[in-house]
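K.L.:
The structure that follows is given in the form of C-alpha cells.
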Amino acid sequence: MIPFAYHRASSVADAVTTVADRPDAVFLAGGTNLVDHMKLGILEPSLVVDVGHLPLSDVDQLPDGTLRVGADVRNSDLATHPVVRSRYPVLARALLSAASGQLRNLATTAGNLLQRTRCVYFQDVTTPCNKRTPGEGCSAIGGYVRYHAILGASEHCVAVHPSDMAVAMAALDAYVVFVDGDGEHRLPLTEFHRLPGDRPDRDTELPPGALITAVEIPPPPHGARSTYRKVRDRASYAFALTSVAAELVVDDGAVTSARIALGGVAHKPWRARRAEEILTGAPATEDSFRRAADAELEDAQPLPGNEFKVELTRRTVIATLTELSEQR
Ligand SMILES: Cc1cc2nc3c(=O)[nH]c(=O)nc-3n(C[C@H](O)[C@H](O)[C@H](O)COP(=O)(O)OP(=O)(O)OC[C@H]3O[C@@H](n4cnc5c(N)ncnc54)[C@H](O)[C@@H]3O)c2cc1C
Ligand code: SF4
C-alpha cells in the first residue's frame with residue numbers, strides 16, 4: 001500500500017486550485033478505473049482529489065436545444081434519461097452496452113471519457129509499455145493484439161480507446177467543457193482524444209490539472225435516426241472488438257445527413273468522415289453503405305493477429321446503416 005492524501009473538493013474552484021502545481025495529484029470520480037490503476041501500480045498519486053460529489057450531476061436542456069450533461073452524471077442515469085432515450089438513442093445504447101449495471105451506477109461522464117486503454121500490457125507493470133513509461137517500448141507489437149488498433153496507430157503504440165459512450169458522443173458532435181486556472185474552455189469531442197503518434201502517454205488534449213465540468217450535445221437534425229452496434233467476444237460485460245455509432249437522415253430514399261463514428265479500432269473514437277462524405281446525397285442502399293465502409297477502411301493497417309477486424313468493421317458499418325435505413 002502506497003500512502004496518499006485524500007481531499008474531498010468543495011467546489012469546482014477548490015478542485016482546480018488544489019491540484020494546481022501538483023502533477024502527481026489526480027481527480028477521483030466513480031473510481032472504477034482510477035482505483036484499479038492505483039491497485040495495479042500503474043499510478044502512484046500522492047494526492048487524490050474527490051470530485052464525484054460536486055454539483056455536476058444535472059442533465060439540462062439549454063434554450064437552443066443543446067443537452068448539457070454534468071461531468072458527474074452517472075452512466076446509468078444518462079442512459080435512462082428521457083431526452084437521451086428519445087432524441088439520442090445512439091447514446092443510450094452505447095451506454096447500456098458498456099460494463100455492468102453496478103459499474104454504470106458508479107461510472108461518471110467525465111471518468112468514462114478519461115478511462116484508459118485496456119491493453120493487457122498497459123495493465124501489467126512487469127511488461128514494457130510506452131503509454132505507461134515513454135521510451136520503454138511497446139509489448140503489444142508482436143504480441144497479443146486481438147483488441148488493438150487497425151486505424152491511426154503508430155510504431156509507439158497500437159492501443160485503442162475503450163469507451164463506448166465517447167464513440168456515440170463523437171458521432172453526435174459533442175463538446176467537452178472544462179475549467180482550468182484560465183477559466184472555462186470547450187473542445188469538440190472529436191479533437192479531445194489523441195492519436196498516439198510519438199506521445200502515446202498523452203491520451204487527450206485536456207491540459208494538466210483541468211477539471212471536466214460537462215459535455216454538451218447539440219440537438220440532432222430533424223428526422224434523424226440513430227443507433228449503436230457493438231461487436232464483442234461475449235454478449236455482455238466485454239469491451240468492443242469493433243463498434244459503430246451512426247445517425248442518418250433519409251429523405252425520399254436519399255441520405256441527406258450522415259454522422260458515423262467507430263469504436264474499438266483506434267486510439268480515439270474514429271469519426272468516419274470519408275464514409276459520411278460518400279453517403280451524403282447518395283441513395284440509402286446497401287451499395288452506398290458498402291462504398292462508404294470501403295472508403296473509410298481503405299487505409300486500415302491491421303496487425304498480425306487482428307486482420308479480421310477490418311472485415312468485421314466493414315460488415316458492422318453496413319449492417320448498422322442498413323438497420324437505420326429500414327427504420328420507420
Ligand atoms: C470490468 C469493467 C468492464 C468495463 N467495461 C466497459 C465497457 O464495455 N465499455 C466502456 O465504455 N467502459 C467500460 N468500463 C469502464 C468504465 O466505463 C469506466 O471505468 C468508467 O466510465 C470510469 O468512470 P469513473 O467515474 O469511475 O472514473 P474514475 O475511475 O473515477 O476516473 C477515471 C479517470 O478520469 C479522471 N477524472 C474523473 N473525473 C474527472 C473530471 N471531472 N475532470 C477531469 N478528470 C476526471 C480521473 O482522474 C481518472 O484519470 C469497464 C470497467 C470495468 C472495471
Ligand atoms: S499498445 Fe500502447 S498501451 Fe499497449 S503496450 Fe503498446 S504502448 Fe503500451
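Please note that chains go A, B, ... in the order of the C-alpha cells, that every chain numbers its residues from 1, and that ligands are numbered from 1 in the order shown.
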Going by DSSP on the backbone, which residues of stretch 163-316 of chain A come out as strand (DSSP E)? List them as a ChimeraX atom specification.
P.N.:
/A:175-180,183-188,211-217,225-231,242-251,254-263,270-271
K.L.:
What does the list of residues within 9 Å of ligand 2 look like if you count only C-alpha atoms and all ligand atoms, written as a PyMOL selection string?
P.N.:
chain A and resi 116-124+127-134+136-141+143+145+148-149+153+155-160+196+200-201+267
K.L.:
Please check which protein, DNA or RNA residues sit within 7 Å of ligand 1, counting only C-alpha atoms and all ligand atoms, and write them as a ChimeraX atom specification.
P.N.:
/A:26-35,51,71-72,97-100,103-104,106-115,162-165,210-213,237-240
K.L.:
Taking only C-alpha atoms into account, which of A:Ile278, A:Ala92, A:Val12, A:Gly152 comes nearest A:Leu56?
P.N.:
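Nearest to A:Leu56: A:Val12.
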K.L.:
For stretch 284-287 of chain A, please output as a PyMOL selection string all residues within 8 Å (counting only C-alpha atoms; exclusion window: fewer than 2 positions along the same chain).
P.N.:
chain A and resi 250+253-255+279+282+289-291+318+322+325
K.L.:
Residues as selected, all heavy atoms, written as a JSON list (two decimals), in the first residue's frame, can you do that?
P.N.:
```json
[["chain", "number", "residue", "atom", "x", "y", "z"],
["A", 250, "VAL", "N", -32.72, 10.25, -43.76],
["A", 250, "VAL", "CA", -33.04, 9.76, -45.11],
["A", 250, "VAL", "C", -34.31, 10.47, -45.58],
["A", 250, "VAL", "O", -35.31, 10.49, -44.86],
["A", 250, "VAL", "CB", -33.24, 8.23, -45.11],
["A", 250, "VAL", "CG1", -33.61, 7.73, -46.50],
["A", 250, "VAL", "CG2", -31.99, 7.53, -44.61],
["A", 253, "GLY", "N", -35.67, 8.43, -49.97],
["A", 253, "GLY", "CA", -34.75, 7.39, -50.42],
["A", 253, "GLY", "C", -33.29, 7.80, -50.51],
["A", 253, "GLY", "O", -32.43, 6.99, -50.84],
["A", 254, "ALA", "N", -33.00, 9.08, -50.22],
["A", 254, "ALA", "CA", -31.60, 9.54, -50.29],
["A", 254, "ALA", "C", -31.11, 9.98, -48.91],
["A", 254, "ALA", "O", -31.90, 10.50, -48.10],
["A", 254, "ALA", "CB", -31.46, 10.69, -51.28],
["A", 255, "VAL", "N", -29.82, 9.77, -48.66],
["A", 255, "VAL", "CA", -29.24, 10.20, -47.38],
["A", 255, "VAL", "C", -28.97, 11.70, -47.47],
["A", 255, "VAL", "O", -28.24, 12.16, -48.35],
["A", 255, "VAL", "CB", -27.90, 9.45, -47.13],
["A", 255, "VAL", "CG1", -27.25, 9.95, -45.85],
["A", 255, "VAL", "CG2", -28.14, 7.94, -47.07],
["A", 279, "LEU", "N", -21.71, 9.12, -48.36],
["A", 279, "LEU", "CA", -23.14, 8.85, -48.15],
["A", 279, "LEU", "C", -24.03, 10.07, -48.40],
["A", 279, "LEU", "O", -25.17, 9.93, -48.85],
["A", 279, "LEU", "CB", -23.36, 8.37, -46.71],
["A", 279, "LEU", "CG", -22.92, 6.94, -46.41],
["A", 279, "LEU", "CD1", -23.03, 6.65, -44.93],
["A", 279, "LEU", "CD2", -23.79, 5.97, -47.21],
["A", 282, "ALA", "N", -26.25, 10.35, -51.43],
["A", 282, "ALA", "CA", -26.32, 9.06, -52.12],
["A", 282, "ALA", "C", -27.64, 8.35, -51.79],
["A", 282, "ALA", "O", -28.24, 8.62, -50.75],
["A", 282, "ALA", "CB", -25.15, 8.18, -51.70],
["A", 289, "PHE", "N", -23.81, 2.00, -48.77],
["A", 289, "PHE", "CA", -23.23, 1.73, -47.44],
["A", 289, "PHE", "C", -21.91, 0.97, -47.60],
["A", 289, "PHE", "O", -20.94, 1.21, -46.89],
["A", 289, "PHE", "CB", -24.22, 0.93, -46.58],
["A", 289, "PHE", "CG", -25.56, 1.61, -46.42],
["A", 289, "PHE", "CD1", -26.72, 0.87, -46.21],
["A", 289, "PHE", "CD2", -25.68, 2.99, -46.47],
["A", 289, "PHE", "CE1", -27.95, 1.49, -46.06],
["A", 289, "PHE", "CE2", -26.91, 3.62, -46.32],
["A", 289, "PHE", "CZ", -28.04, 2.86, -46.13],
["A", 290, "ARG", "N", -21.87, 0.05, -48.57],
["A", 290, "ARG", "CA", -20.65, -0.72, -48.81],
["A", 290, "ARG", "C", -19.53, 0.20, -49.31],
["A", 290, "ARG", "O", -18.39, 0.13, -48.85],
["A", 290, "ARG", "CB", -20.94, -1.82, -49.84],
["A", 290, "ARG", "CG", -19.80, -2.83, -50.02],
["A", 290, "ARG", "CD", -20.22, -3.94, -50.97],
["A", 290, "ARG", "NE", -21.46, -4.59, -50.55],
["A", 290, "ARG", "CZ", -21.55, -5.48, -49.56],
["A", 290, "ARG", "NH1", -20.47, -5.83, -48.90],
["A", 290, "ARG", "NH2", -22.71, -6.00, -49.22],
["A", 291, "ARG", "N", -19.88, 1.09, -50.24],
["A", 291, "ARG", "CA", -18.85, 2.01, -50.77],
["A", 291, "ARG", "C", -18.32, 2.90, -49.66],
["A", 291, "ARG", "O", -17.12, 3.19, -49.58],
["A", 291, "ARG", "CB", -19.45, 2.87, -51.91],
["A", 291, "ARG", "CG", -19.51, 2.11, -53.24],
["A", 291, "ARG", "CD", -19.81, 3.02, -54.41],
["A", 291, "ARG", "NE", -21.08, 3.70, -54.29],
["A", 291, "ARG", "CZ", -21.25, 5.02, -54.15],
["A", 291, "ARG", "NH1", -20.19, 5.80, -54.10],
["A", 291, "ARG", "NH2", -22.44, 5.56, -54.03],
["A", 318, "ILE", "N", -21.94, -1.61, -42.50],
["A", 318, "ILE", "CA", -23.02, -1.86, -43.48],
["A", 318, "ILE", "C", -24.30, -2.29, -42.76],
["A", 318, "ILE", "O", -25.39, -1.79, -43.04],
["A", 318, "ILE", "CB", -22.57, -2.91, -44.52],
["A", 318, "ILE", "CG1", -21.39, -2.39, -45.32],
["A", 318, "ILE", "CG2", -23.74, -3.29, -45.46],
["A", 318, "ILE", "CD1", -20.67, -3.46, -46.15],
["A", 322, "THR", "N", -27.76, -0.19, -42.72],
["A", 322, "THR", "CA", -28.94, -0.86, -43.30],
["A", 322, "THR", "C", -30.08, -0.86, -42.28],
["A", 322, "THR", "O", -31.22, -0.53, -42.61],
["A", 322, "THR", "CB", -28.58, -2.30, -43.72],
["A", 322, "THR", "OG1", -27.47, -2.24, -44.61],
["A", 322, "THR", "CG2", -29.76, -3.00, -44.39],
["A", 325, "SER", "N", -31.56, 2.59, -42.13],
["A", 325, "SER", "CA", -32.30, 2.98, -43.34],
["A", 325, "SER", "C", -33.65, 2.27, -43.42],
["A", 325, "SER", "O", -34.56, 2.74, -44.09],
["A", 325, "SER", "CB", -31.48, 2.69, -44.60],
["A", 325, "SER", "OG", -31.39, 1.30, -44.80]]
```
K.L.:
Determine which residues of stretch 33-98 of chain A receive a DSSP assignment of alpha helix (DSSP H), computed from the backbone, and state them as a ChimeraX atom specification.
P.N.:
/A:34-40,75-80,82-87,89-96
K.L.:
Could you pull the residues within 12 Å of A:Arg186, counting only C-alpha atoms, minus those fewer than 3 positions along the same chain, as JSON, numbers by chain?
P.N.:
{"A": [174, 175, 176, 177, 178, 179, 180, 183, 189, 190, 191, 192, 205, 206, 207, 210, 211, 212, 213, 214, 215, 216, 217]}
K.L.:
What would the file look like if the residues just selected were written as a PDB file, in the first residue's frame with N, CA, C and O atoms?
P.N.:
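Heads up, here's the output in selection-v4.pdb:
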```pdb
ATOM      1  N   ALA A 174     -20.462  16.257 -30.021  1.00  0.00           N
ATOM      2  CA  ALA A 174     -20.489  16.808 -28.658  1.00  0.00           C
ATOM      3  C   ALA A 174     -19.250  17.667 -28.390  1.00  0.00           C
ATOM      4  O   ALA A 174     -18.233  17.563 -29.105  1.00  0.00           O
ATOM      5  N   TYR A 175     -19.370  18.507 -27.375  1.00  0.00           N
ATOM      6  CA  TYR A 175     -18.246  19.329 -26.896  1.00  0.00           C
ATOM      7  C   TYR A 175     -17.930  18.951 -25.462  1.00  0.00           C
ATOM      8  O   TYR A 175     -18.844  18.701 -24.674  1.00  0.00           O
ATOM      9  N   VAL A 176     -16.634  18.929 -25.132  1.00  0.00           N
ATOM     10  CA  VAL A 176     -16.217  18.726 -23.742  1.00  0.00           C
ATOM     11  C   VAL A 176     -15.971  20.108 -23.136  1.00  0.00           C
ATOM     12  O   VAL A 176     -15.264  20.935 -23.718  1.00  0.00           O
ATOM     13  N   VAL A 177     -16.584  20.353 -21.973  1.00  0.00           N
ATOM     14  CA  VAL A 177     -16.409  21.641 -21.284  1.00  0.00           C
ATOM     15  C   VAL A 177     -15.502  21.399 -20.085  1.00  0.00           C
ATOM     16  O   VAL A 177     -15.742  20.457 -19.309  1.00  0.00           O
ATOM     17  N   PHE A 178     -14.454  22.198 -19.945  1.00  0.00           N
ATOM     18  CA  PHE A 178     -13.560  22.010 -18.797  1.00  0.00           C
ATOM     19  C   PHE A 178     -13.095  23.351 -18.249  1.00  0.00           C
ATOM     20  O   PHE A 178     -13.156  24.382 -18.927  1.00  0.00           O
ATOM     21  N   VAL A 179     -12.631  23.292 -17.012  1.00  0.00           N
ATOM     22  CA  VAL A 179     -12.184  24.503 -16.315  1.00  0.00           C
ATOM     23  C   VAL A 179     -10.750  24.291 -15.871  1.00  0.00           C
ATOM     24  O   VAL A 179     -10.405  23.225 -15.352  1.00  0.00           O
ATOM     25  N   ASP A 180      -9.914  25.309 -16.122  1.00  0.00           N
ATOM     26  CA  ASP A 180      -8.565  25.298 -15.545  1.00  0.00           C
ATOM     27  C   ASP A 180      -8.291  26.673 -14.944  1.00  0.00           C
ATOM     28  O   ASP A 180      -9.218  27.485 -14.794  1.00  0.00           O
ATOM     29  N   GLY A 183      -9.891  29.690 -16.629  1.00  0.00           N
ATOM     30  CA  GLY A 183     -11.343  29.802 -16.823  1.00  0.00           C
ATOM     31  C   GLY A 183     -11.927  28.595 -17.532  1.00  0.00           C
ATOM     32  O   GLY A 183     -11.341  27.512 -17.520  1.00  0.00           O
ATOM     33  N   LEU A 189     -15.459  17.060 -29.064  1.00  0.00           N
ATOM     34  CA  LEU A 189     -15.061  15.733 -28.573  1.00  0.00           C
ATOM     35  C   LEU A 189     -14.179  15.007 -29.591  1.00  0.00           C
ATOM     36  O   LEU A 189     -13.295  14.243 -29.225  1.00  0.00           O
ATOM     37  N   THR A 190     -14.398  15.280 -30.883  1.00  0.00           N
ATOM     38  CA  THR A 190     -13.583  14.628 -31.908  1.00  0.00           C
ATOM     39  C   THR A 190     -12.116  15.086 -31.844  1.00  0.00           C
ATOM     40  O   THR A 190     -11.238  14.431 -32.394  1.00  0.00           O
ATOM     41  N   GLU A 191     -11.869  16.230 -31.180  1.00  0.00           N
ATOM     42  CA  GLU A 191     -10.479  16.701 -31.035  1.00  0.00           C
ATOM     43  C   GLU A 191      -9.956  16.490 -29.620  1.00  0.00           C
ATOM     44  O   GLU A 191      -8.842  16.896 -29.300  1.00  0.00           O
ATOM     45  N   PHE A 192     -10.764  15.910 -28.770  1.00  0.00           N
ATOM     46  CA  PHE A 192     -10.404  15.749 -27.352  1.00  0.00           C
ATOM     47  C   PHE A 192      -9.402  14.596 -27.162  1.00  0.00           C
ATOM     48  O   PHE A 192      -8.363  14.758 -26.543  1.00  0.00           O
ATOM     49  N   GLU A 205      -6.261  15.905 -25.126  1.00  0.00           N
ATOM     50  CA  GLU A 205      -5.735  17.281 -25.168  1.00  0.00           C
ATOM     51  C   GLU A 205      -6.116  18.061 -23.902  1.00  0.00           C
ATOM     52  O   GLU A 205      -5.950  19.277 -23.858  1.00  0.00           O
ATOM     53  N   LEU A 206      -6.667  17.385 -22.910  1.00  0.00           N
ATOM     54  CA  LEU A 206      -7.033  18.079 -21.666  1.00  0.00           C
ATOM     55  C   LEU A 206      -5.765  18.598 -20.982  1.00  0.00           C
ATOM     56  O   LEU A 206      -4.849  17.816 -20.703  1.00  0.00           O
ATOM     57  N   PRO A 207      -5.693  19.908 -20.710  1.00  0.00           N
ATOM     58  CA  PRO A 207      -4.471  20.417 -20.063  1.00  0.00           C
ATOM     59  C   PRO A 207      -4.297  19.816 -18.663  1.00  0.00           C
ATOM     60  O   PRO A 207      -5.286  19.478 -18.009  1.00  0.00           O
ATOM     61  N   ALA A 210      -6.736  20.300 -15.423  1.00  0.00           N
ATOM     62  CA  ALA A 210      -8.061  20.814 -15.806  1.00  0.00           C
ATOM     63  C   ALA A 210      -9.150  19.851 -15.344  1.00  0.00           C
ATOM     64  O   ALA A 210      -8.965  18.628 -15.363  1.00  0.00           O
ATOM     65  N   LEU A 211     -10.285  20.423 -14.956  1.00  0.00           N
ATOM     66  CA  LEU A 211     -11.427  19.619 -14.489  1.00  0.00           C
ATOM     67  C   LEU A 211     -12.538  19.677 -15.533  1.00  0.00           C
ATOM     68  O   LEU A 211     -12.997  20.771 -15.909  1.00  0.00           O
ATOM     69  N   ILE A 212     -12.971  18.520 -16.010  1.00  0.00           N
ATOM     70  CA  ILE A 212     -14.130  18.482 -16.913  1.00  0.00           C
ATOM     71  C   ILE A 212     -15.365  18.799 -16.075  1.00  0.00           C
ATOM     72  O   ILE A 212     -15.557  18.238 -14.981  1.00  0.00           O
ATOM     73  N   THR A 213     -16.196  19.707 -16.580  1.00  0.00           N
ATOM     74  CA  THR A 213     -17.420  20.047 -15.832  1.00  0.00           C
ATOM     75  C   THR A 213     -18.680  19.555 -16.547  1.00  0.00           C
ATOM     76  O   THR A 213     -19.706  19.361 -15.909  1.00  0.00           O
ATOM     77  N   ALA A 214     -18.607  19.392 -17.880  1.00  0.00           N
ATOM     78  CA  ALA A 214     -19.810  18.978 -18.616  1.00  0.00           C
ATOM     79  C   ALA A 214     -19.451  18.486 -20.005  1.00  0.00           C
ATOM     80  O   ALA A 214     -18.340  18.697 -20.491  1.00  0.00           O
ATOM     81  N   VAL A 215     -20.429  17.830 -20.624  1.00  0.00           N
ATOM     82  CA  VAL A 215     -20.379  17.540 -22.062  1.00  0.00           C
ATOM     83  C   VAL A 215     -21.642  18.142 -22.654  1.00  0.00           C
ATOM     84  O   VAL A 215     -22.725  17.992 -22.081  1.00  0.00           O
ATOM     85  N   GLU A 216     -21.499  18.864 -23.763  1.00  0.00           N
ATOM     86  CA  GLU A 216     -22.670  19.470 -24.399  1.00  0.00           C
ATOM     87  C   GLU A 216     -22.934  18.791 -25.740  1.00  0.00           C
ATOM     88  O   GLU A 216     -22.013  18.636 -26.554  1.00  0.00           O
ATOM     89  N   ILE A 217     -24.192  18.404 -25.948  1.00  0.00           N
ATOM     90  CA  ILE A 217     -24.560  17.677 -27.173  1.00  0.00           C
ATOM     91  C   ILE A 217     -25.601  18.502 -27.928  1.00  0.00           C
ATOM     92  O   ILE A 217     -26.688  18.755 -27.395  1.00  0.00           O
TER      93      ILE A 217
END
```
K.L.:
Any idea what's packed within 12 Å of stretch 275-277 of chain A, counting only C-alpha atoms, ignoring anything in its chain fewer than 5 positions away? Could you give it as number ranges by chain?
P.N.:
A: 171, 246-249, 255-262, 270, 282, 288-298, 314, 317-318, 321
K.L.:
Of the candidates A:Gly135, A:Pro269, A:Pro82, A:Pro218, which one gets nearest to A:Asp203 if we count only C-alpha atoms?
P.N.:
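Among A:Gly135, A:Pro269, A:Pro82, A:Pro218, it is A:Pro269 that comes nearest to A:Asp203.
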K.L.:
Skip stretch 227-229 of chain A itself and residues of its chain fewer than 2 positions away, then list as a list in words all residues within 7 Å of it, counting only C-alpha atoms.
P.N.:
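Once the adjacent positions are removed, what remains is Pro89, Val90, Arg93, Ala94, Val231, Ser243, Val244, Ala245, Ala246, Glu247 and Thr320 of chain A.
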K.L.:
Could those residues be written to a file, using C-alpha atoms, as a compact mmCIF listing (two decimals), in the first residue's frame?
P.N.:
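Done, and the output landed in result.txt:
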```
# COMPACT_ATOMS: atom_id res chain seq x y z
CA PRO A 89 -30.84 6.51 -28.94
CA VAL A 90 -27.26 6.05 -30.15
CA ARG A 93 -27.50 2.21 -26.46
CA ALA A 94 -23.76 2.89 -26.25
CA VAL A 231 -19.43 -6.48 -31.56
CA SER A 243 -18.43 -0.73 -32.76
CA VAL A 244 -20.39 1.72 -34.88
CA ALA A 245 -22.30 4.79 -33.74
CA ALA A 246 -24.41 6.10 -36.59
CA GLU A 247 -27.05 8.71 -37.23
CA THR A 320 -25.79 -0.63 -38.85
```
K.L.:
Give the answer as one residue: which of A:His185, A:His222, A:Lys230, A:Arg315 has the shortest atom-to-atom distance to A:Ala168, using only C-alpha atoms?
P.N.:
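Going through A:His185, A:His222, A:Lys230, A:Arg315 one by one, the smallest distance to A:Ala168 is for A:Lys230.
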K.L.:
Applying 7 Å and only C-alpha atoms, which residues near A:Leu151 remain after dropping the ones on its own chain fewer than 4 positions away? List them as a ChimeraX atom specification.
P.N.:
/A:265-266,300-301
K.L.:
Counting only C-alpha atoms, which residue out of A:Ala20, A:Val167, A:Val49, A:Leu40 sits closest to A:Gly209?
P.N.:
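The answer is A:Ala20, which sits nearest to A:Gly209.
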